[in-house]
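*Asks:* Pasting protein_0.tsv below, which is TSV, C-alpha atoms.
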chain	number	residue	atom	x	y	z
A	101	MET	CA	60.21	91.37	38.85
A	102	LEU	CA	59.43	93.80	36.03
A	103	ASP	CA	62.55	95.86	36.73
A	104	LYS	CA	64.66	92.71	36.53
A	105	LEU	CA	62.99	91.66	33.29
A	106	GLU	CA	63.45	95.07	31.69
A	107	SER	CA	67.14	95.01	32.64
A	108	LEU	CA	67.55	91.57	31.02
A	109	ASN	CA	65.68	92.79	27.94
A	110	GLN	CA	68.14	95.66	27.54
A	111	GLU	CA	71.10	93.34	28.03
A	112	PHE	CA	69.65	91.03	25.37
A	113	SER	CA	69.27	93.89	22.88
A	114	GLN	CA	72.85	95.00	23.43
A	115	LEU	CA	74.11	91.44	23.02
A	116	GLU	CA	72.10	91.03	19.82
A	117	GLN	CA	73.78	94.09	18.34
A	118	SER	CA	77.27	93.13	19.51
A	119	LEU	CA	77.12	89.62	18.02
A	120	GLY	CA	77.54	91.16	14.57
A	121	ASP	CA	80.62	93.12	15.62
A	122	PRO	CA	83.69	91.88	13.66
A	123	GLU	CA	85.94	92.65	16.63
A	124	LEU	CA	83.89	90.36	18.89
A	125	ILE	CA	83.67	87.63	16.25
A	126	SER	CA	87.45	87.64	15.88
A	127	ASN	CA	87.85	86.89	19.59
A	128	GLN	CA	86.51	83.34	19.83
A	129	ASP	CA	86.52	83.16	23.64
A	130	ARG	CA	84.56	86.39	24.03
A	131	TYR	CA	82.23	85.47	21.17
A	132	ARG	CA	81.53	82.03	22.69
A	133	THR	CA	80.77	83.62	26.07
A	134	ALA	CA	78.46	86.18	24.45
A	135	MET	CA	76.62	83.48	22.48
A	136	GLN	CA	76.15	81.41	25.62
A	137	ARG	CA	74.66	84.37	27.47
A	138	TYR	CA	72.48	85.20	24.44
A	139	SER	CA	71.12	81.64	24.45
A	140	GLU	CA	70.43	81.83	28.19
A	141	LEU	CA	68.51	85.09	27.85
A	142	THR	CA	66.49	84.17	24.75
A	143	PRO	CA	63.66	82.20	26.46
A	144	VAL	CA	63.38	84.78	29.26
A	145	VAL	CA	63.22	87.77	26.91
A	146	LYS	CA	60.82	86.09	24.48
A	147	THR	CA	58.43	85.25	27.34
A	148	TYR	CA	58.79	88.78	28.71
A	149	GLN	CA	57.95	90.26	25.30
A	150	ASP	CA	54.85	88.05	25.10
A	151	TYR	CA	53.93	89.16	28.63
A	152	SER	CA	54.38	92.85	27.75
A	153	ASP	CA	52.14	92.38	24.72
A	154	VAL	CA	49.43	90.78	26.87
A	155	LEU	CA	49.66	93.61	29.43
A	156	LYS	CA	49.25	96.18	26.65
A	157	ARG	CA	46.22	94.40	25.20
A	158	LEU	CA	44.71	94.04	28.68
A	159	SER	CA	45.08	97.77	29.27
A	160	GLU	CA	43.39	98.56	25.96
A	161	ALA	CA	40.53	96.16	26.69
A	162	LYS	CA	39.93	97.69	30.13
A	163	GLU	CA	39.67	101.14	28.55
A	164	LEU	CA	36.94	99.87	26.20
A	165	ILE	CA	34.96	97.83	28.72
A	166	ASN	CA	32.67	100.77	29.57
A	167	ASP	CA	32.11	101.75	25.94
A	168	PRO	CA	28.70	100.39	24.84
A	169	ASP	CA	29.92	99.85	21.29
A	170	PHE	CA	32.94	97.76	22.33
A	171	SER	CA	32.06	96.35	25.77
A	172	ASP	CA	31.20	92.83	24.51
A	173	MET	CA	34.38	92.60	22.49
A	174	ALA	CA	36.43	93.97	25.40
A	175	ALA	CA	34.88	91.46	27.81
A	176	GLU	CA	35.81	88.58	25.50
A	177	GLU	CA	39.33	89.98	25.21
A	178	LEU	CA	39.69	90.23	28.98
A	179	ALA	CA	38.41	86.67	29.49
A	180	GLU	CA	41.00	85.41	27.01
A	181	LEU	CA	43.95	87.51	28.22
A	182	GLU	CA	43.68	87.15	32.01
A	183	PRO	CA	44.55	83.40	32.00
A	184	LYS	CA	47.40	84.11	29.55
A	185	LYS	CA	48.75	86.78	31.87
A	186	LEU	CA	48.76	84.39	34.85
A	187	ASP	CA	50.39	81.62	32.79
A	188	LEU	CA	53.13	83.92	31.52
A	189	GLU	CA	53.77	85.24	35.05
A	190	ALA	CA	54.25	81.67	36.26
A	191	GLN	CA	56.63	80.96	33.38
A	192	LEU	CA	58.65	84.09	34.13
A	193	GLU	CA	58.94	83.20	37.81
A	194	LYS	CA	60.47	79.85	36.86
A	195	LEU	CA	62.75	81.38	34.24
A	196	LEU	CA	64.05	83.91	36.75
A	197	LEU	CA	64.96	81.28	39.34
A	198	PRO	CA	68.74	81.22	39.92
A	199	LYS	CA	70.19	78.42	37.85
A	200	ASP	CA	72.04	75.56	39.50
A	201	PRO	CA	75.67	76.35	38.53
A	202	TYR	CA	76.36	72.66	37.97
A	203	ASP	CA	73.37	71.86	35.74
A	204	ASP	CA	75.30	71.99	32.47
A	205	LYS	CA	78.16	69.79	33.67
A	206	ASN	CA	78.93	66.16	32.85
A	207	VAL	CA	78.28	63.69	35.66
A	208	ILE	CA	79.95	60.79	37.43
A	209	ILE	CA	77.45	58.24	38.73
A	210	GLU	CA	78.33	55.58	41.29
A	211	ILE	CA	76.00	52.67	42.01
A	212	ARG	CA	76.55	50.26	44.92
A	213	ALA	CA	74.63	47.16	45.94
A	214	ALA	CA	73.53	47.60	49.57
A	215	ALA	CA	71.05	45.45	51.51
A	216	GLY	CA	69.92	42.25	49.82
A	217	GLY	CA	73.04	40.41	48.65
A	218	ASP	CA	72.86	38.88	45.18
A	219	GLU	CA	69.47	40.40	44.43
A	220	ALA	CA	70.82	43.88	45.17
A	221	SER	CA	73.78	43.31	42.85
A	222	LEU	CA	71.47	42.17	40.03
A	223	PHE	CA	69.31	45.25	40.49
A	224	ALA	CA	72.41	47.47	40.45
A	225	SER	CA	73.21	46.06	37.02
A	226	GLU	CA	69.67	46.73	35.79
A	227	VAL	CA	69.74	50.33	37.06
A	228	LEU	CA	73.05	50.86	35.27
A	229	ASN	CA	71.43	49.70	32.02
A	230	MET	CA	68.40	51.93	32.70
A	231	TYR	CA	70.63	55.00	33.04
A	232	MET	CA	72.67	54.05	29.98
A	233	ARG	CA	69.50	53.81	27.87
A	234	PHE	CA	68.15	57.09	29.24
A	235	ALA	CA	71.45	58.82	28.47
A	236	GLU	CA	71.27	57.48	24.93
A	237	THR	CA	67.75	58.88	24.40
A	238	LEU	CA	69.11	62.29	25.45
A	239	GLY	CA	71.97	62.09	22.98
A	240	PHE	CA	74.58	61.85	25.75
A	241	LYS	CA	77.68	59.66	25.70
A	242	ALA	CA	78.09	57.19	28.56
A	243	GLU	CA	81.30	55.39	29.51
A	244	VAL	CA	81.84	52.82	32.28
A	245	LEU	CA	84.88	53.65	34.42
A	246	ASP	CA	85.04	50.84	36.97
A	247	THR	CA	83.02	47.68	37.60
A	248	HIS	CA	83.01	45.05	40.34
A	249	THR	CA	80.98	42.05	39.27
A	250	THR	CA	79.48	39.27	41.41
A	251	ASP	CA	79.30	35.53	40.85
A	252	VAL	CA	75.62	35.76	39.82
A	253	GLY	CA	76.35	38.30	37.09
A	254	GLY	CA	75.38	41.38	39.07
A	255	LEU	CA	77.40	44.38	40.16
A	256	SER	CA	78.54	45.08	43.71
A	257	LYS	CA	79.79	48.48	42.57
A	258	VAL	CA	80.05	50.40	39.32
A	259	SER	CA	81.02	53.95	38.37
A	260	PHE	CA	80.42	55.56	35.00
A	261	GLU	CA	80.59	58.92	33.30
A	262	ILE	CA	77.88	60.65	31.27
A	263	ASN	CA	79.02	63.43	28.93
A	264	GLY	CA	76.63	65.98	27.46
A	265	LYS	CA	75.50	69.55	28.06
A	266	GLY	CA	72.97	69.46	30.86
A	267	ALA	CA	73.79	65.91	31.99
A	268	TYR	CA	73.83	66.84	35.66
A	269	SER	CA	70.45	68.58	35.42
A	270	LYS	CA	68.94	65.33	34.09
A	271	PHE	CA	70.50	62.89	36.57
A	272	LYS	CA	70.95	64.92	39.78
A	273	PHE	CA	67.66	63.69	41.25
A	274	GLU	CA	68.90	60.09	41.26
A	275	SER	CA	71.13	60.46	44.33
A	276	GLY	CA	69.85	58.34	47.19
A	277	VAL	CA	68.70	54.86	48.17
A	278	HIS	CA	66.65	52.90	45.63
A	279	ARG	CA	64.54	50.01	46.94
A	280	VAL	CA	63.45	47.05	44.82
A	281	GLN	CA	60.66	44.61	45.71
A	282	ARG	CA	60.31	41.44	43.66
A	283	VAL	CA	60.48	37.65	43.70
A	284	PRO	CA	64.06	36.51	42.96
A	285	GLU	CA	64.55	33.77	40.38
A	286	THR	CA	66.05	31.58	43.11
A	287	GLU	CA	63.00	31.99	45.39
A	288	THR	CA	61.08	28.68	45.33
A	289	GLN	CA	58.14	29.75	47.49
A	290	GLY	CA	57.26	32.91	45.57
A	291	ARG	CA	58.08	35.30	48.40
A	292	ILE	CA	58.78	38.94	47.62
A	293	HIS	CA	62.23	40.09	48.70
A	294	THR	CA	63.28	43.68	49.42
A	295	SER	CA	66.74	44.89	48.45
A	296	THR	CA	68.43	48.27	48.12
A	297	ILE	CA	71.15	49.98	46.14
A	298	THR	CA	72.67	53.42	46.62
A	299	VAL	CA	73.25	55.92	43.84
A	300	ALA	CA	75.56	58.94	44.03
A	301	VAL	CA	75.46	61.57	41.26
A	302	LEU	CA	78.49	63.87	41.16
A	303	PRO	CA	78.94	66.87	38.85
A	304	GLU	CA	82.21	66.56	36.98
A	305	ALA	CA	84.73	69.02	38.39
A	306	GLU	CA	87.23	71.01	36.35
A	307	ASP	CA	90.63	72.22	37.47
A	308	VAL	CA	89.13	75.61	38.28
A	309	ASP	CA	86.58	73.93	40.59
A	310	VAL	CA	89.05	71.80	42.53
A	311	ASN	CA	92.69	72.71	43.06
A	312	LEU	CA	94.35	69.28	42.92
A	313	VAL	CA	98.15	68.87	42.79
A	314	PRO	CA	100.17	65.60	42.55
A	315	ASN	CA	101.39	65.92	46.15
A	316	ASP	CA	97.79	65.57	47.32
A	317	TYR	CA	97.42	61.94	46.22
A	318	ARG	CA	99.20	58.63	45.59
A	319	VAL	CA	98.85	56.64	42.37
A	320	ASP	CA	99.20	52.83	42.28
A	321	VAL	CA	98.98	50.72	39.14
A	322	TYR	CA	98.20	47.02	38.87
A	323	ARG	CA	96.55	44.45	36.61
A	324	SER	CA	92.79	44.68	36.40
A	325	SER	CA	90.83	41.63	37.45
A	326	GLY	CA	87.43	40.07	36.92
A	327	PRO	CA	85.10	38.10	39.21
A	328	GLY	CA	86.89	36.13	41.90
A	329	GLY	CA	90.19	37.88	41.22
A	330	GLN	CA	90.55	36.40	37.75
A	331	SER	CA	93.08	38.41	35.75
A	332	VAL	CA	91.56	39.94	32.65
A	333	ASN	CA	94.50	42.07	31.60
A	334	THR	CA	98.13	41.23	30.91
A	335	THR	CA	99.41	44.76	31.58
A	336	ASP	CA	99.38	47.06	34.61
A	337	SER	CA	96.58	49.24	33.26
A	338	ALA	CA	94.37	49.47	36.35
A	339	VAL	CA	94.83	52.63	38.45
A	340	ARG	CA	94.14	53.26	42.11
A	341	ILE	CA	94.36	56.84	43.43
A	342	THR	CA	94.42	57.46	47.17
A	343	TYR	CA	93.70	60.96	48.44
A	344	LYS	CA	94.39	61.94	52.05
A	345	ALA	CA	91.20	63.79	52.94
A	346	GLY	CA	91.96	64.16	56.65
A	347	THR	CA	93.84	62.68	59.57
A	348	ASP	CA	91.81	59.47	59.53
A	349	GLU	CA	90.07	59.77	56.19
A	350	GLU	CA	91.08	58.69	52.71
A	351	ILE	CA	89.28	58.84	49.39
A	352	VAL	CA	90.14	55.89	47.15
A	353	VAL	CA	89.26	55.88	43.46
A	354	ILE	CA	89.79	52.86	41.20
A	355	CYS	CA	89.53	52.86	37.43
A	356	GLN	CA	90.28	49.63	35.61
A	357	ASP	CA	87.84	49.16	32.74
A	358	GLY	CA	89.92	51.02	30.15
A	359	LYS	CA	92.83	49.26	28.46
A	360	SER	CA	95.12	52.29	28.71
A	361	GLN	CA	96.83	53.12	32.00
A	362	ILE	CA	97.03	56.78	30.98
A	363	LYS	CA	93.31	56.94	30.22
A	364	ASN	CA	92.42	55.12	33.45
A	365	ARG	CA	94.56	57.57	35.39
A	366	GLU	CA	92.82	60.55	33.75
A	367	LYS	CA	89.40	59.07	34.47
A	368	ALA	CA	90.31	58.27	38.08
A	369	LEU	CA	91.41	61.87	38.60
A	370	THR	CA	88.12	63.01	37.07
A	371	VAL	CA	86.20	60.93	39.61
A	372	LEU	CA	88.40	62.19	42.47
A	373	ARG	CA	87.79	65.82	41.51
A	374	ALA	CA	84.05	65.14	41.34
A	375	ARG	CA	84.05	63.58	44.81
A	376	LEU	CA	86.04	66.47	46.27
A	377	LEU	CA	83.69	68.99	44.66
A	378	GLU	CA	80.71	67.12	46.09
A	379	ARG	CA	82.28	67.19	49.57
A	380	GLU	CA	82.55	70.97	49.34
A	381	ARG	CA	78.99	71.28	48.07
A	382	GLU	CA	77.66	69.11	50.90
A	383	LYS	CA	79.54	71.19	53.45
A	384	ALA	CA	78.21	74.45	52.03
A	385	GLN	CA	74.66	73.12	51.84
A	386	ALA	CA	74.82	71.83	55.42
A	387	GLU	CA	75.89	75.26	56.58
A	388	ARG	CA	72.88	76.75	54.78
A	389	ARG	CA	70.70	73.92	56.07
A	390	GLU	CA	70.15	72.64	52.54
A	391	ALA	CA	70.48	68.88	52.43
A	392	ARG	CA	68.85	68.42	49.03
A	393	LEU	CA	70.08	65.67	46.68
A	394	VAL	CA	73.44	65.01	48.28
A	395	GLN	CA	73.03	62.25	50.88
A	396	ILE	CA	73.13	58.70	49.54
A	397	GLY	CA	72.43	57.18	52.94
A	398	SER	CA	73.74	53.97	54.44
A	399	GLY	CA	71.74	51.63	52.24
A	400	GLU	CA	69.40	50.52	55.01
A	401	ARG	CA	65.97	49.48	53.76
A	402	SER	CA	64.24	52.31	55.65
A	403	GLU	CA	66.23	55.05	53.90
A	404	LYS	CA	64.80	55.36	50.43
A	405	ILE	CA	63.96	57.90	47.78
A	406	ARG	CA	62.24	55.49	45.39
A	407	THR	CA	60.65	52.03	45.33
A	408	TYR	CA	60.52	49.69	42.33
A	409	ASN	CA	57.73	47.17	42.93
A	410	PHE	CA	57.95	44.57	40.16
A	411	PRO	CA	54.94	42.36	41.10
A	412	GLN	CA	52.68	45.41	40.74
A	413	SER	CA	54.74	47.04	37.95
A	414	ARG	CA	54.75	50.15	40.14
A	415	LEU	CA	57.39	52.81	40.66
A	416	THR	CA	56.99	55.34	43.48
A	417	ASP	CA	59.23	58.33	44.13
A	418	HIS	CA	58.68	59.05	47.81
A	419	ARG	CA	60.08	62.59	47.73
A	420	ILE	CA	57.30	63.95	45.54
A	421	GLY	CA	54.60	61.28	45.81
A	422	PHE	CA	54.97	60.36	42.13
A	423	THR	CA	53.60	56.92	41.18
A	424	THR	CA	53.40	55.15	37.84
A	425	HIS	CA	52.55	51.62	36.81
A	426	SER	CA	54.84	51.79	33.77
A	427	LEU	CA	57.80	50.30	35.60
A	428	SER	CA	58.92	48.18	32.64
A	429	ASP	CA	59.07	51.27	30.41
A	430	ILE	CA	61.16	53.16	32.95
A	431	MET	CA	63.59	50.24	33.32
A	432	MET	CA	64.01	50.44	29.54
A	433	GLY	CA	65.26	54.01	29.95
A	434	ASN	CA	62.01	55.90	29.32
A	435	MET	CA	62.47	58.19	32.33
A	436	GLY	CA	61.26	61.45	30.82
A	437	GLU	CA	57.94	61.69	32.69
A	438	LEU	CA	59.62	60.91	36.02
A	439	MET	CA	62.42	63.43	35.46
A	440	LEU	CA	59.91	66.13	34.47
A	441	ALA	CA	57.91	65.55	37.66
A	442	LEU	CA	61.06	65.79	39.79
A	443	SER	CA	62.23	68.93	37.99
A	444	GLU	CA	58.84	70.63	38.42
A	445	ALA	CA	58.77	69.69	42.11
A	446	GLU	CA	62.22	71.21	42.59
A	447	GLN	CA	61.11	74.41	40.85
A	448	ALA	CA	58.00	74.61	43.04
A	449	GLU	CA	60.12	74.15	46.17
A	450	ARG	CA	62.56	76.87	45.14
A	451	LEU	CA	59.72	79.25	44.27
A	452	ASP	CA	58.23	78.59	47.71
A	453	GLU	CA	61.60	79.33	49.34
A	454	LEU	CA	61.81	82.61	47.42
A	455	GLY	CA	58.29	83.50	48.47
A	456	GLN	CA	59.25	82.95	52.10
A	457	GLY	CA	62.28	85.18	51.73
A	458	GLY	CA	64.81	82.36	51.50
A	459	THR	CA	67.47	81.69	48.87
A	460	ALA	CA	66.86	79.27	46.03
Show me this structure written as structure tokens.

*Replies:*
Amino acid sequence: MLDKLESLNQEFSQLEQSLGDPELISNQDRYRTAMQRYSELTPVVKTYQDYSDVLKRLSEAKELINDPDFSDMAAEELAELEPKKLDLEAQLEKLLLPKDPYDDKNVIIEIRAAAGGDEASLFASEVLNMYMRFAETLGFKAEVLDTHTTDVGGLSKVSFEINGKGAYSKFKFESGVHRVQRVPETETQGRIHTSTITVAVLPEAEDVDVNLVPNDYRVDVYRSSGPGGQSVNTTDSAVRITYKAGTDEEIVVICQDGKSQIKNREKALTVLRARLLEREREKAQAERREARLVQIGSGERSEKIRTYNFPQSRLTDHRIGFTTHSLSDIMMGNMGELMLALSEAEQAERLDELGQGGTA
């Protein structure tokens, strides 16, 4: 680990010097790339420098421990520095973990009502609002791409985009089946009903990630509609893109919430690229026997990553055993504590894989 850290420290020093070079500054692409790398290395190098300082002080204290005049002071120094050394080593291990290449990307999120009928559709709408509020607290921009409403005011399906650096890293843990337990407003006998929704989180793909040409898909335009087929638009602004994924498989993307056909077409292509990228990621992960965070399941009640129990105001994430009784706060978009727990659990898992000789 120390060899790796020293190499990064040297790279950081060279970058620091080059950032003042007029020739580099004049080339905006190269300068932007250098600044991005500089920002990535800064927390690693700063922690490494702190660690080197602690190691130096530890060495000095150990040399004095047998000196009668300084032994007490050296003992105090050792007692203070040993925990710091262990803490900094743990920090460096996390900082050196290979970064998820998609963490900085924007995301496309798709929510579908699954088991539970109207109650599932109402919960889908509430989860959409929860994510929108959370995105807002992070300073991200969220935009709904396509909605399918139900007669009770819920959502059978909705897709939306969240734009912001690091959006995928914040929302990637949400993929899976979410189960809700509560008494519906229409329930006269006070019985608790169980419903589920599925959430898919897709990193937004760029042209360099997915090679997509017009011959690969068909574009249809039509008038967007509301609940029950009610027309809500007088122009053919809604866009449906159909991609032939295989002999018997098609990927269909619909985008109708924007008023501009051109914008809807661009957004639909964005969603299609994201789905195609996710297919490739799932395939690669399956080959490496890594099924983490990609399967949304069938929506059956038994397949779940999280349970929202409203009568007890309890949220439980079953993947990491996280439980909180602040369900109302989380539904208001205050998801920071939950996301931190999931992120730390992922880091611990990847560190364990590295320790066992695997790839993180």

*Asks:* Report, in Å to a single decimal, how far apart CA of Arg381 in chain A and CA of Ser221 in chain A are.

*Replies:*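 Result for CA of Ser221 in chain A versus CA of Arg381 in chain A: 28.9 Å, one decimal.
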
*Asks:* Quick one: residues within 12 Å of Val313 in chain A, only C-alpha atoms, excluding same-chain residues fewer than 6 positions away - as a compact mmCIF listing (two decimals) with C-alpha atoms, in the frame of the given file?

*Replies:*
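And here's result.txt as it stands now:
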# COMPACT_ATOMS: atom_id res chain seq x y z
CA ASP A 307 90.63 72.22 37.47
CA TYR A 343 93.70 60.96 48.44
CA LEU A 369 91.41 61.87 38.60
CA LEU A 372 88.40 62.19 42.47
CA ARG A 373 87.79 65.82 41.51

*Asks:* Please build the interface table for range 223-293 of chain A against range 207-212 of chain A with a cut-off of 8 Å, listing for each qualifying residue the nearest atom pair and the distance in Å to one decimal; count all atoms listed in the file, order rows by chain and increasing number, and write it as a Markdown table.

*Replies:*
| residue | atom | partner | partner_atom | distance |
| --- | --- | --- | --- | --- |
| A:Ala224 | CA | A:Ile211 | CA | 6.5 |
| A:Leu228 | CA | A:Ile211 | CA | 7.6 |
| A:Leu255 | CA | A:Arg212 | CA | 7.6 |
| A:Ser256 | CA | A:Arg212 | CA | 5.7 |
| A:Lys257 | CA | A:Arg212 | CA | 4.4 |
| A:Val258 | CA | A:Ile211 | CA | 5.4 |
| A:Ser259 | CA | A:Glu210 | CA | 4.3 |
| A:Phe260 | CA | A:Ile209 | CA | 5.5 |
| A:Glu261 | CA | A:Ile208 | CA | 4.6 |
| A:Ile262 | CA | A:Val207 | CA | 5.4 |
| A:Asn263 | CA | A:Val207 | CA | 6.8 |
| A:Ala267 | CA | A:Val207 | CA | 6.2 |
| A:Tyr268 | CA | A:Val207 | CA | 5.5 |
| A:Phe271 | CA | A:Val207 | CA | 7.9 |

*Asks:* Let me make sure I understand: among A:Val154, A:Met439, A:Val277, A:Met101, which one has the smallest atom-to-atom distance to Leu197 in chain A if we use all atoms listed in the file?

*Replies:*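 Closest to Leu197 in chain A, using all atoms listed in the file: A:Met101.
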
*Asks:* Return the single residue from A:Ala134, A:Leu312, A:Val339, A:Val353 that is closest to Gln114 in chain A, with distances computed using all atoms listed in the file.

*Replies:*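 The answer is A:Ala134, which sits nearest to Gln114 in chain A.
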
*Asks:* Since the input is missing atoms for range 345-360 of chain A, could you rebuild it with N, CA and C atoms and give the result as an mmCIF file, in the coordinates of the input?

*Replies:*
data_model
loop_
_atom_site.group_PDB
_atom_site.id
_atom_site.type_symbol
_atom_site.label_atom_id
_atom_site.label_comp_id
_atom_site.auth_asym_id
_atom_site.auth_seq_id
_atom_site.Cartn_x
_atom_site.Cartn_y
_atom_site.Cartn_z
ATOM 1 N N ALA A 345 92.212 62.756 52.734
ATOM 2 C CA ALA A 345 91.200 63.790 52.940
ATOM 3 C C ALA A 345 91.234 64.374 54.344
ATOM 4 N N GLY A 346 91.888 63.691 55.270
ATOM 5 C CA GLY A 346 91.960 64.160 56.650
ATOM 6 C C GLY A 346 92.865 63.249 57.441
ATOM 7 N N THR A 347 92.950 63.475 58.724
ATOM 8 C CA THR A 347 93.840 62.680 59.570
ATOM 9 C C THR A 347 93.515 61.199 59.498
ATOM 10 N N ASP A 348 92.228 60.874 59.550
ATOM 11 C CA ASP A 348 91.810 59.470 59.530
ATOM 12 C C ASP A 348 90.916 59.149 58.344
ATOM 13 N N GLU A 349 90.970 59.963 57.325
ATOM 14 C CA GLU A 349 90.070 59.770 56.190
ATOM 15 C C GLU A 349 90.830 59.751 54.878
ATOM 16 N N GLU A 350 90.501 58.785 54.053
ATOM 17 C CA GLU A 350 91.080 58.690 52.710
ATOM 18 C C GLU A 350 89.966 58.524 51.699
ATOM 19 N N ILE A 351 90.185 59.069 50.518
ATOM 20 C CA ILE A 351 89.280 58.840 49.390
ATOM 21 C C ILE A 351 90.035 57.988 48.384
ATOM 22 N N VAL A 352 89.495 56.816 48.080
ATOM 23 C CA VAL A 352 90.140 55.890 47.150
ATOM 24 C C VAL A 352 89.295 55.790 45.886
ATOM 25 N N VAL A 353 89.934 55.989 44.753
ATOM 26 C CA VAL A 353 89.260 55.880 43.460
ATOM 27 C C VAL A 353 89.979 54.840 42.624
ATOM 28 N N ILE A 354 89.219 53.903 42.053
ATOM 29 C CA ILE A 354 89.790 52.860 41.200
ATOM 30 C C ILE A 354 89.173 52.965 39.816
ATOM 31 N N CYS A 355 90.008 52.870 38.817
ATOM 32 C CA CYS A 355 89.530 52.860 37.430
ATOM 33 C C CYS A 355 90.302 51.786 36.683
ATOM 34 N N GLN A 356 89.583 50.762 36.222
ATOM 35 C CA GLN A 356 90.280 49.630 35.610
ATOM 36 C C GLN A 356 89.640 49.115 34.328
ATOM 37 N N ASP A 357 88.531 49.714 33.908
ATOM 38 C CA ASP A 357 87.840 49.160 32.740
ATOM 39 C C ASP A 357 88.468 49.563 31.408
ATOM 40 N N GLY A 358 89.231 50.647 31.385
ATOM 41 C CA GLY A 358 89.920 51.020 30.150
ATOM 42 C C GLY A 358 91.192 50.218 29.979
ATOM 43 N N LYS A 359 91.619 50.044 28.745
ATOM 44 C CA LYS A 359 92.830 49.260 28.460
ATOM 45 C C LYS A 359 94.103 50.089 28.596
ATOM 46 N N SER A 360 93.963 51.400 28.628
ATOM 47 C CA SER A 360 95.120 52.290 28.710
ATOM 48 C C SER A 360 95.312 52.788 30.129
#
